[in-house]
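To keep things clear, I will list the structure first and then write my remarks on it.
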Amino acid sequence: MEMQIKENRGQKIEYGTSGIVTPMGDVYSYGILLMETFTRKKPTDDLFVGELTMKKWVSESFSQAVLSIVDANLMAREEEDFSEKGSCVSMIMEVALNCTEDSPDQRINMRGVIGRLTKIRHRFKGL
């Protein structure tokens, strides 16, 4: 199936050219939802102008300091097990990035997402 990608304020939005919603389009949306949840930002936030999109912002921060973009209400440096919790959040953001690969063929599928998030949840609950 051919996919069409449109942009809304720099954020890519996928549509099937035949008007059919695909599972891989849903995976992309889920990845954006994860980013929104953990950063407390929306793809339409004023921060994202020009070439800077939410996905690019998360991706660039991921390699350097992903915790610097995470909503401060979710974690405090003084918390017990901050490093381990930060590791869990980093893994979640990695899942989000895997969901938002440009090519639908390169994205993780929802079974993979569930498997990874389940492992992260078990790790988090063990803290």
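Identifiers for the structure tokens are assigned positionally: chains receive A, B, ... in sequence, residues are indexed from 1 per chain, and ligands are indexed from 1 in the order shown.
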
Discussion item. I'd like the neighbourhood of stretch 51-55 of chain A as a PyMOL selection string, where a residue qualifies if any of its atoms comes within 12 Å (using only C-alpha atoms), though same-chain residues fewer than 6 positions away should be ignored.
Written reply: chain A and resi 7-13+28-29+31-36+38-45+61-62+69+93-94+96-102

Item to complete: Within 12 Å of A:Gly126, counting only C-alpha atoms, which residues show up once you throw out same-chain ones fewer than 4 positions away? Write them as a list in words, please.
Response: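 What passes the distance filter is Asp81, Glu84, Lys85, Cys88, Lys119, Ile120, Arg121 and His122 of chain A.
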
For the residues in the current selection, export C-alpha atoms as a tab-separated table (two decimals), in the first residue's frame.
chain	number	residue	atom	x	y	z
A	81	ASP	CA	16.89	4.88	42.28
A	84	GLU	CA	17.52	3.20	37.28
A	85	LYS	CA	14.29	5.10	36.73
A	88	CYS	CA	13.65	2.98	32.17
A	119	LYS	CA	10.06	-5.72	30.10
A	120	ILE	CA	10.54	-2.08	31.08
A	121	ARG	CA	7.54	-2.25	33.44
A	122	HIS	CA	8.95	-5.37	35.14

Practice prompt. Give the answer as one residue: which of A:Ser83, A:Asn109, A:Ala76, A:Gly115 has the shortest atom-to-atom distance to A:Val27, using only C-alpha atoms?
Written response: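 Of all the options, A:Asn109 lies closest to A:Val27.
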
Worksheet item: Which residue out of A:Gln106, A:Asn73, A:Gln64, A:Thr118 has the minimum interatomic distance to A:Thr37 when only C-alpha atoms are used?
Response: A:Asn73

Worksheet item: Which of these residues is nearest to A:Ser87, using only C-alpha atoms: A:Met110, A:Leu67, A:Met24, A:Ala72?
Response: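 Ranked by minimum distance to A:Ser87, first place goes to A:Leu67.
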